[in-house]
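See below for model_7.txt, which holds compact mmCIF, N, CA, C and O atoms and all ligand atoms.
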```
# COMPACT_ATOMS: atom_id res chain seq x y z
N MET A 1120 0.85 -1.20 0.00
CA MET A 1120 0.00 0.00 0.00
C MET A 1120 0.88 1.24 0.00
O MET A 1120 1.81 1.36 0.79
N ILE A 1121 0.58 2.13 -0.91
CA ILE A 1121 1.36 3.36 -1.02
C ILE A 1121 0.62 4.47 -0.29
O ILE A 1121 -0.56 4.72 -0.56
N VAL A 1122 1.29 5.07 0.67
CA VAL A 1122 0.69 6.18 1.41
C VAL A 1122 1.44 7.45 1.05
O VAL A 1122 2.66 7.53 1.23
N THR A 1123 0.72 8.39 0.46
CA THR A 1123 1.34 9.68 0.15
C THR A 1123 0.73 10.71 1.08
O THR A 1123 -0.48 10.76 1.26
N THR A 1124 1.59 11.49 1.68
CA THR A 1124 1.09 12.55 2.56
C THR A 1124 1.03 13.83 1.76
O THR A 1124 2.05 14.36 1.31
N GLN A 1125 -0.18 14.28 1.56
CA GLN A 1125 -0.40 15.54 0.86
C GLN A 1125 -0.84 16.57 1.90
O GLN A 1125 -1.80 16.34 2.63
N LEU A 1126 -0.11 17.64 1.99
CA LEU A 1126 -0.44 18.67 2.98
C LEU A 1126 -1.15 19.83 2.29
O LEU A 1126 -0.87 20.15 1.14
N CYS A 1127 -2.03 20.44 3.04
CA CYS A 1127 -2.73 21.61 2.52
C CYS A 1127 -1.74 22.74 2.30
O CYS A 1127 -0.86 22.98 3.13
N ALA A 1128 -1.86 23.44 1.14
CA ALA A 1128 -0.94 24.51 0.82
C ALA A 1128 -1.18 25.74 1.68
O ALA A 1128 -0.30 26.58 1.84
N ARG A 1129 -2.40 25.86 2.24
CA ARG A 1129 -2.71 27.05 3.02
C ARG A 1129 -2.46 26.84 4.51
O ARG A 1129 -1.79 27.62 5.15
N CYS A 1130 -3.01 25.73 5.06
CA CYS A 1130 -2.93 25.55 6.51
C CYS A 1130 -2.01 24.41 6.92
O CYS A 1130 -1.73 24.26 8.11
N GLY A 1131 -1.52 23.60 5.96
CA GLY A 1131 -0.60 22.53 6.31
C GLY A 1131 -1.27 21.31 6.90
O GLY A 1131 -0.58 20.41 7.38
N SER A 1132 -2.58 21.26 6.86
CA SER A 1132 -3.29 20.12 7.42
C SER A 1132 -3.10 18.88 6.55
O SER A 1132 -2.86 18.98 5.35
N GLU A 1133 -3.18 17.70 7.19
CA GLU A 1133 -3.10 16.46 6.42
C GLU A 1133 -4.46 16.00 5.95
O GLU A 1133 -4.57 15.01 5.25
N GLN A 1134 -5.51 16.70 6.36
CA GLN A 1134 -6.87 16.28 6.02
C GLN A 1134 -7.25 16.80 4.63
O GLN A 1134 -8.10 17.68 4.49
N VAL A 1135 -6.60 16.23 3.60
CA VAL A 1135 -6.93 16.62 2.23
C VAL A 1135 -7.50 15.41 1.53
O VAL A 1135 -7.18 14.26 1.84
N ARG A 1136 -8.39 15.68 0.57
CA ARG A 1136 -8.96 14.60 -0.22
C ARG A 1136 -8.97 15.03 -1.67
O ARG A 1136 -8.96 16.23 -1.99
N LYS A 1137 -9.02 14.04 -2.56
CA LYS A 1137 -9.08 14.33 -3.98
C LYS A 1137 -10.40 15.02 -4.28
O LYS A 1137 -11.44 14.69 -3.70
N ASN A 1138 -10.34 15.98 -5.19
CA ASN A 1138 -11.55 16.75 -5.50
C ASN A 1138 -11.55 17.09 -6.98
O ASN A 1138 -11.42 18.24 -7.37
N GLY A 1139 -11.64 16.05 -7.81
CA GLY A 1139 -11.71 16.26 -9.25
C GLY A 1139 -10.34 16.52 -9.85
O GLY A 1139 -9.31 16.23 -9.24
N SER A 1140 -10.33 17.04 -11.07
CA SER A 1140 -9.08 17.31 -11.74
C SER A 1140 -9.23 18.51 -12.64
O SER A 1140 -10.34 18.89 -13.01
N THR A 1141 -8.11 19.14 -12.95
CA THR A 1141 -8.10 20.26 -13.89
C THR A 1141 -6.86 20.15 -14.75
O THR A 1141 -5.75 19.97 -14.24
N GLY A 1142 -7.06 20.20 -16.06
CA GLY A 1142 -5.93 20.12 -16.99
C GLY A 1142 -5.13 18.85 -16.82
O GLY A 1142 -3.92 18.86 -17.00
N GLY A 1143 -5.77 17.74 -16.45
CA GLY A 1143 -5.07 16.48 -16.28
C GLY A 1143 -4.38 16.33 -14.94
O GLY A 1143 -3.74 15.32 -14.69
N ARG A 1144 -4.47 17.33 -14.08
CA ARG A 1144 -3.84 17.24 -12.76
C ARG A 1144 -4.93 17.12 -11.70
O ARG A 1144 -5.96 17.79 -11.79
N ALA A 1145 -4.67 16.28 -10.71
CA ALA A 1145 -5.65 16.08 -9.65
C ALA A 1145 -5.76 17.33 -8.79
O ALA A 1145 -4.77 17.98 -8.48
N LYS A 1146 -6.99 17.64 -8.44
CA LYS A 1146 -7.23 18.74 -7.50
C LYS A 1146 -7.47 18.16 -6.12
O LYS A 1146 -7.97 17.05 -5.98
N TYR A 1147 -7.11 18.92 -5.12
CA TYR A 1147 -7.29 18.49 -3.75
C TYR A 1147 -8.07 19.54 -2.98
O TYR A 1147 -7.97 20.73 -3.29
N GLN A 1148 -8.81 19.05 -2.02
CA GLN A 1148 -9.52 19.97 -1.15
C GLN A 1148 -9.16 19.66 0.29
O GLN A 1148 -9.12 18.51 0.70
N CYS A 1149 -8.90 20.71 1.07
CA CYS A 1149 -8.58 20.56 2.47
C CYS A 1149 -9.90 20.50 3.25
O CYS A 1149 -10.76 21.35 3.08
N LYS A 1150 -10.02 19.45 4.09
CA LYS A 1150 -11.24 19.34 4.87
C LYS A 1150 -11.21 20.25 6.08
O LYS A 1150 -12.24 20.53 6.69
N ALA A 1151 -10.02 20.70 6.45
CA ALA A 1151 -9.91 21.57 7.62
C ALA A 1151 -10.29 23.01 7.30
O ALA A 1151 -11.07 23.64 8.01
N CYS A 1152 -9.72 23.55 6.20
CA CYS A 1152 -9.96 24.96 5.91
C CYS A 1152 -10.74 25.17 4.62
O CYS A 1152 -11.14 26.29 4.32
N GLY A 1153 -10.94 24.13 3.82
CA GLY A 1153 -11.72 24.26 2.61
C GLY A 1153 -10.92 24.71 1.39
O GLY A 1153 -11.49 24.90 0.32
N PHE A 1154 -9.60 24.86 1.55
CA PHE A 1154 -8.78 25.32 0.43
C PHE A 1154 -8.73 24.25 -0.66
O PHE A 1154 -8.62 23.07 -0.37
N GLN A 1155 -8.82 24.70 -1.93
CA GLN A 1155 -8.71 23.78 -3.06
C GLN A 1155 -7.49 24.15 -3.88
O GLN A 1155 -7.20 25.33 -4.07
N GLY A 1156 -6.77 23.15 -4.35
CA GLY A 1156 -5.61 23.43 -5.19
C GLY A 1156 -5.12 22.17 -5.86
O GLY A 1156 -5.62 21.07 -5.60
N THR A 1157 -4.13 22.32 -6.74
CA THR A 1157 -3.53 21.17 -7.39
C THR A 1157 -2.31 20.75 -6.60
O THR A 1157 -1.73 21.51 -5.84
N ARG A 1158 -1.95 19.50 -6.80
CA ARG A 1158 -0.80 18.98 -6.07
C ARG A 1158 0.48 19.65 -6.56
O ARG A 1158 1.35 19.96 -5.78
N TYR A 1159 0.60 19.83 -7.84
CA TYR A 1159 1.77 20.51 -8.40
C TYR A 1159 1.28 21.79 -9.06
O TYR A 1159 0.92 21.78 -10.24
N PRO A 1160 1.24 22.90 -8.34
CA PRO A 1160 0.71 24.12 -8.93
C PRO A 1160 1.52 24.56 -10.15
O PRO A 1160 2.74 24.36 -10.21
N ALA A 1161 0.84 25.14 -11.12
CA ALA A 1161 1.46 25.46 -12.41
C ALA A 1161 2.36 26.69 -12.32
O ALA A 1161 3.27 26.84 -13.12
N GLY A 1162 2.09 27.58 -11.36
CA GLY A 1162 2.79 28.85 -11.31
C GLY A 1162 4.30 28.74 -11.22
O GLY A 1162 5.02 29.31 -12.05
N PRO A 1163 4.87 28.03 -10.23
CA PRO A 1163 6.32 27.95 -10.10
C PRO A 1163 6.98 27.32 -11.31
O PRO A 1163 8.05 27.78 -11.75
N ALA A 1164 6.36 26.26 -11.88
CA ALA A 1164 6.95 25.60 -13.05
C ALA A 1164 6.99 26.57 -14.23
O ALA A 1164 7.96 26.64 -14.97
N ARG A 1165 5.90 27.34 -14.39
CA ARG A 1165 5.84 28.31 -15.49
C ARG A 1165 6.89 29.40 -15.29
O ARG A 1165 7.57 29.79 -16.25
N ALA A 1166 7.05 29.87 -14.07
CA ALA A 1166 8.03 30.92 -13.80
C ALA A 1166 9.44 30.44 -14.12
O ALA A 1166 10.24 31.18 -14.69
N ALA A 1167 9.73 29.17 -13.80
CA ALA A 1167 11.06 28.63 -14.09
C ALA A 1167 11.27 28.54 -15.60
O ALA A 1167 12.36 28.86 -16.10
N ARG A 1168 10.21 28.12 -16.34
CA ARG A 1168 10.32 28.03 -17.80
C ARG A 1168 10.53 29.40 -18.40
O ARG A 1168 11.35 29.58 -19.31
N TYR A 1169 9.80 30.41 -17.91
CA TYR A 1169 9.94 31.76 -18.46
C TYR A 1169 11.31 32.33 -18.15
O TYR A 1169 11.89 33.05 -18.97
N ALA A 1170 11.86 32.00 -16.97
CA ALA A 1170 13.20 32.47 -16.63
C ALA A 1170 14.22 31.88 -17.58
O ALA A 1170 15.16 32.56 -18.00
N GLN A 1171 14.01 30.58 -17.96
CA GLN A 1171 14.93 29.96 -18.91
C GLN A 1171 14.82 30.63 -20.27
O GLN A 1171 15.82 30.86 -20.94
N VAL A 1172 13.58 30.97 -20.67
CA VAL A 1172 13.37 31.65 -21.95
C VAL A 1172 14.11 32.99 -21.94
O VAL A 1172 14.80 33.34 -22.91
N GLU A 1173 14.00 33.73 -20.84
CA GLU A 1173 14.65 35.05 -20.80
C GLU A 1173 16.17 34.91 -20.82
O GLU A 1173 16.87 35.74 -21.40
N LYS A 1174 16.69 33.85 -20.20
CA LYS A 1174 18.12 33.60 -20.24
C LYS A 1174 18.57 33.31 -21.67
O LYS A 1174 19.58 33.83 -22.15
N LEU A 1175 17.78 32.48 -22.38
CA LEU A 1175 18.13 32.15 -23.75
C LEU A 1175 18.00 33.37 -24.66
O LEU A 1175 18.79 33.53 -25.60
N LEU A 1176 17.03 34.25 -24.37
CA LEU A 1176 16.90 35.48 -25.15
C LEU A 1176 18.11 36.37 -24.93
O LEU A 1176 18.62 37.00 -25.86
N ALA A 1177 18.60 36.41 -23.68
CA ALA A 1177 19.77 37.24 -23.38
C ALA A 1177 21.01 36.72 -24.10
O ALA A 1177 21.92 37.48 -24.43
N GLU A 1178 21.02 35.39 -24.36
CA GLU A 1178 22.14 34.80 -25.10
C GLU A 1178 21.93 34.92 -26.60
O GLU A 1178 22.67 34.32 -27.38
N ARG A 1179 20.92 35.69 -27.01
CA ARG A 1179 20.62 36.00 -28.40
C ARG A 1179 20.33 34.74 -29.22
O ARG A 1179 20.76 34.62 -30.37
N ASN A 1180 19.59 33.78 -28.61
CA ASN A 1180 19.10 32.65 -29.39
C ASN A 1180 17.89 33.12 -30.19
O ASN A 1180 17.20 34.07 -29.79
N SER A 1181 17.62 32.43 -31.31
CA SER A 1181 16.44 32.80 -32.09
C SER A 1181 15.19 32.33 -31.35
O SER A 1181 15.24 31.40 -30.55
N GLN A 1182 14.08 33.01 -31.62
CA GLN A 1182 12.83 32.68 -30.94
C GLN A 1182 12.41 31.25 -31.25
O GLN A 1182 11.95 30.52 -30.38
N ARG A 1183 12.60 30.83 -32.51
CA ARG A 1183 12.17 29.48 -32.87
C ARG A 1183 13.05 28.42 -32.21
O ARG A 1183 12.57 27.34 -31.87
N SER A 1184 14.34 28.70 -32.01
CA SER A 1184 15.17 27.72 -31.32
C SER A 1184 14.78 27.64 -29.84
O SER A 1184 14.83 26.56 -29.24
N ILE A 1185 14.36 28.77 -29.25
CA ILE A 1185 13.91 28.76 -27.86
C ILE A 1185 12.63 27.94 -27.74
O ILE A 1185 12.44 27.19 -26.79
N VAL A 1186 11.75 28.06 -28.76
CA VAL A 1186 10.53 27.25 -28.76
C VAL A 1186 10.88 25.77 -28.79
O VAL A 1186 10.32 24.97 -28.04
N ARG A 1187 11.86 25.40 -29.62
CA ARG A 1187 12.26 24.00 -29.70
C ARG A 1187 12.84 23.52 -28.38
O ARG A 1187 12.59 22.40 -27.94
N LEU A 1188 13.64 24.38 -27.72
CA LEU A 1188 14.33 23.95 -26.50
C LEU A 1188 13.40 23.87 -25.30
O LEU A 1188 13.52 22.97 -24.48
N THR A 1189 12.49 24.84 -25.17
CA THR A 1189 11.72 24.94 -23.94
C THR A 1189 10.29 24.45 -24.08
O THR A 1189 9.68 24.10 -23.08
N GLY A 1190 9.74 24.42 -25.29
CA GLY A 1190 8.35 24.03 -25.46
C GLY A 1190 7.37 25.15 -25.19
O GLY A 1190 6.17 24.93 -25.21
N VAL A 1191 7.89 26.36 -24.93
CA VAL A 1191 7.02 27.51 -24.72
C VAL A 1191 6.55 28.00 -26.08
O VAL A 1191 7.28 27.93 -27.06
N SER A 1192 5.30 28.46 -26.15
CA SER A 1192 4.74 28.93 -27.42
C SER A 1192 5.54 30.12 -27.96
O SER A 1192 6.08 30.92 -27.21
N ARG A 1193 5.61 30.21 -29.29
CA ARG A 1193 6.42 31.27 -29.91
C ARG A 1193 5.86 32.65 -29.58
O ARG A 1193 6.61 33.61 -29.43
N MET A 1194 4.55 32.77 -29.50
CA MET A 1194 3.97 34.07 -29.16
C MET A 1194 4.37 34.48 -27.75
O MET A 1194 4.61 35.65 -27.47
N THR A 1195 4.48 33.48 -26.84
CA THR A 1195 4.93 33.77 -25.49
C THR A 1195 6.39 34.22 -25.49
O THR A 1195 6.76 35.16 -24.79
N VAL A 1196 7.20 33.54 -26.31
CA VAL A 1196 8.61 33.92 -26.41
C VAL A 1196 8.71 35.34 -26.95
O VAL A 1196 9.50 36.16 -26.45
N ALA A 1197 7.89 35.65 -27.97
CA ALA A 1197 7.91 37.00 -28.56
C ALA A 1197 7.50 38.03 -27.53
O ALA A 1197 8.09 39.13 -27.45
N LYS A 1198 6.50 37.69 -26.72
CA LYS A 1198 6.03 38.61 -25.68
C LYS A 1198 7.13 38.87 -24.66
O LYS A 1198 7.38 40.01 -24.27
N LEU A 1199 7.83 37.79 -24.24
CA LEU A 1199 8.90 37.95 -23.26
C LEU A 1199 10.08 38.73 -23.85
O LEU A 1199 10.73 39.51 -23.16
N ALA A 1200 10.34 38.52 -25.16
CA ALA A 1200 11.43 39.24 -25.82
C ALA A 1200 11.13 40.73 -25.85
O ALA A 1200 12.00 41.57 -25.58
N LYS A 1201 9.86 41.07 -26.17
CA LYS A 1201 9.44 42.47 -26.22
C LYS A 1201 9.55 43.10 -24.84
O LYS A 1201 10.01 44.23 -24.69
N LYS A 1202 9.14 42.32 -23.83
CA LYS A 1202 9.15 42.83 -22.46
C LYS A 1202 10.58 43.08 -21.99
O LYS A 1202 10.87 44.12 -21.40
N SER A 1203 11.47 42.14 -22.29
CA SER A 1203 12.84 42.29 -21.81
C SER A 1203 13.56 43.39 -22.58
O SER A 1203 14.43 44.06 -22.04
N ALA A 1204 13.15 43.60 -23.86
CA ALA A 1204 13.77 44.67 -24.64
C ALA A 1204 13.31 46.04 -24.15
O ALA A 1204 14.07 47.00 -24.12
N ALA A 1205 12.03 46.13 -23.74
CA ALA A 1205 11.49 47.41 -23.30
C ALA A 1205 11.87 47.72 -21.86
O ALA A 1205 12.22 48.85 -21.53
N GLY A 1206 11.81 46.71 -21.02
CA GLY A 1206 12.05 46.92 -19.59
C GLY A 1206 13.51 47.08 -19.26
O GLY A 1206 14.12 48.10 -19.55
N GLU A 1207 14.04 46.06 -18.65
CA GLU A 1207 15.45 46.14 -18.24
C GLU A 1207 16.31 45.63 -19.38
O GLU A 1207 15.98 44.64 -20.01
N PRO A 1208 17.39 46.34 -19.70
CA PRO A 1208 18.27 45.85 -20.74
C PRO A 1208 18.97 44.58 -20.30
O PRO A 1208 19.38 44.46 -19.15
N ALA A 1209 19.04 43.60 -21.24
CA ALA A 1209 19.64 42.32 -20.90
C ALA A 1209 21.11 42.50 -20.53
O ALA A 1209 21.60 41.93 -19.57
N VAL A 1210 21.80 43.33 -21.33
CA VAL A 1210 23.20 43.61 -21.03
C VAL A 1210 23.28 45.06 -20.59
O VAL A 1210 22.93 45.97 -21.33
N ALA A 1211 23.76 45.29 -19.38
CA ALA A 1211 23.83 46.64 -18.85
C ALA A 1211 24.85 47.46 -19.63
O ALA A 1211 25.88 46.94 -20.04
N PRO A 1212 24.54 48.72 -19.88
CA PRO A 1212 25.52 49.56 -20.57
C PRO A 1212 26.76 49.75 -19.70
O PRO A 1212 26.71 49.60 -18.48
N ALA A 1213 27.85 50.08 -20.38
CA ALA A 1213 29.13 50.19 -19.68
C ALA A 1213 29.03 51.23 -18.56
O ALA A 1213 28.88 52.42 -18.80
N ALA A 1214 29.06 50.72 -17.35
CA ALA A 1214 28.97 51.61 -16.18
C ALA A 1214 30.37 52.00 -15.73
O ALA A 1214 31.32 51.26 -15.93
N PRO A 1215 30.49 53.19 -15.14
CA PRO A 1215 31.81 53.59 -14.65
C PRO A 1215 32.27 52.67 -13.52
O PRO A 1215 31.47 52.17 -12.75
N GLU A 1216 33.53 52.45 -13.44
CA GLU A 1216 34.10 51.55 -12.44
C GLU A 1216 33.87 52.12 -11.05
O GLU A 1216 34.28 53.24 -10.76
N LYS A 1217 33.18 51.34 -10.25
CA LYS A 1217 32.93 51.78 -8.88
C LYS A 1217 34.07 51.35 -7.96
O LYS A 1217 34.33 51.96 -6.94
N GLY A 1218 34.73 50.26 -8.32
CA GLY A 1218 35.77 49.70 -7.44
C GLY A 1218 37.03 50.56 -7.44
O GLY A 1218 37.78 50.56 -6.46
N ALA A 1219 37.24 51.31 -8.53
CA ALA A 1219 38.47 52.09 -8.62
C ALA A 1219 38.36 53.32 -7.72
O ALA A 1219 37.64 54.26 -8.02
N THR A 1220 39.04 53.31 -6.61
CA THR A 1220 39.02 54.45 -5.69
C THR A 1220 40.17 55.38 -6.05
O THR A 1220 41.27 54.92 -6.36
N PRO A 1221 39.89 56.67 -6.05
CA PRO A 1221 40.98 57.61 -6.37
C PRO A 1221 42.07 57.58 -5.30
O PRO A 1221 41.79 57.46 -4.12
N ALA A 1222 43.27 57.65 -5.77
CA ALA A 1222 44.39 57.64 -4.83
C ALA A 1222 44.39 58.92 -4.00
O ALA A 1222 44.31 60.02 -4.53
N VAL A 1223 44.38 58.76 -2.70
CA VAL A 1223 44.31 59.91 -1.79
C VAL A 1223 45.66 60.09 -1.11
O VAL A 1223 46.23 59.15 -0.57
N GLY A 1224 46.13 61.34 -1.15
CA GLY A 1224 47.35 61.71 -0.40
C GLY A 1224 48.54 60.84 -0.75
O GLY A 1224 48.96 60.04 0.06
N GLY A 1225 49.07 61.01 -1.94
CA GLY A 1225 50.19 60.18 -2.35
C GLY A 1225 51.34 60.25 -1.35
O GLY A 1225 51.89 61.32 -1.10
N ALA A 1226 51.71 59.12 -0.82
CA ALA A 1226 52.74 59.12 0.22
C ALA A 1226 54.15 59.08 -0.37
O ALA A 1226 54.39 58.51 -1.37
ZN ZN A 1301 -6.18 23.65 4.75
```
Kindly transcribe the structure held in the file into structure tokens.
Ligand SMILES: [Zn+2]
Amino acid sequence: MIVTTQLCARCGSEQVRKNGSTGGRAKYQCKACGFQGTRYPAGPARAARYAQVEKLLAERNSQRSIVRLTGVSRMTVAKLAKKSAAGEPAVAPAAPEKGATPAVGGA
């Protein structure tokens, strides 16, 4: 017998039961607080995939090669490319050296 302990994402209770499915993933409901959620929420996995896409964009890979590597839709890659181009520059412009301290009081 396989016993899996599934804890509630909100209250940490062990009193969870299966409650249908969404997108092929089982949903769970907490009997203690009533919270419903999936066992593997999509948000963190998506954020990791998008971070990889942005890294590949910074390395100047083509959008279609990023689609092949990550499986993210090309329109999503285009959206992230536009966002990264408009927002923060992937490569920071040449900033003045902060570490170089001027020589004080030549001995
Ligand atoms: Zn709960």
Using the file's own x, y and z axes, so that the box edges lie along x, y and z, what centre and edge lengths in Å (one decimal) does a box around every listed atom of segment 1158-1170 of chain A get when 4 Å is added on each side? Give it as lines of an AutoDock Vina configuration file.
```
center_x = 6.6
center_y = 26.0
center_z = -12.5
size_x = 25.1
size_y = 22.1
size_z = 21.5
```
Residues of chain A within 12 Å of ligand ZN 1301 (chain A): nearest atom pair and distance (Å, one decimal) for each, counting only C-alpha atoms and all ligand atoms, sorted by chain and number, as a tab-separated table?
```
residue	atom	partner	partner_atom	distance
A:Gln1125	CA	A:ZN1301	ZN	10.7
A:Leu1126	CA	A:ZN1301	ZN	7.8
A:Cys1127	CA	A:ZN1301	ZN	4.6
A:Ala1128	CA	A:ZN1301	ZN	6.6
A:Arg1129	CA	A:ZN1301	ZN	5.2
A:Cys1130	CA	A:ZN1301	ZN	4.2
A:Gly1131	CA	A:ZN1301	ZN	5.9
A:Ser1132	CA	A:ZN1301	ZN	5.3
A:Glu1133	CA	A:ZN1301	ZN	8.0
A:Gln1134	CA	A:ZN1301	ZN	7.5
A:Val1135	CA	A:ZN1301	ZN	7.5
A:Arg1136	CA	A:ZN1301	ZN	10.7
A:Tyr1147	CA	A:ZN1301	ZN	10.0
A:Gln1148	CA	A:ZN1301	ZN	7.7
A:Cys1149	CA	A:ZN1301	ZN	4.5
A:Lys1150	CA	A:ZN1301	ZN	6.6
A:Ala1151	CA	A:ZN1301	ZN	5.1
A:Cys1152	CA	A:ZN1301	ZN	4.2
A:Gly1153	CA	A:ZN1301	ZN	6.0
A:Phe1154	CA	A:ZN1301	ZN	5.3
A:Gln1155	CA	A:ZN1301	ZN	8.2
A:Gly1156	CA	A:ZN1301	ZN	10.0
```
Task: Non-local contacts of Arg1168 of chain A (8 Å; all atoms listed in the file; under 5 positions in same chain excluded) as number ranges by chain - done: A: 1161-1163, 1173-1175, 1185, 1189, 1191
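Atom C of Tyr1159 of chain A is positioned 18.7 Å from atom CA of Gln1171 of chain A.
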Task: Atomic separation - atom C of Arg1183 of chain A relative to atom CA of Ala1170 of chain A, Å - done: 16.1 Å
TODO: Could you jot down the atom CA of Ala1164 of chain A to atom CA of Ala1205 of chain A separation for me, Å, one decimal place?
DONE: 24.5 Å
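Neighbouring residues of Leu1176 of chain A at 8 Å or closer, counting only N, CA, C and O atoms and skipping chain neighbours under 4 positions away, are Tyr1169, Ala1170, Gln1171, Val1172, Asn1180, Ser1181, Gln1182, Ile1185, Val1196, Leu1199, Ala1200 and Ala1209 of chain A.
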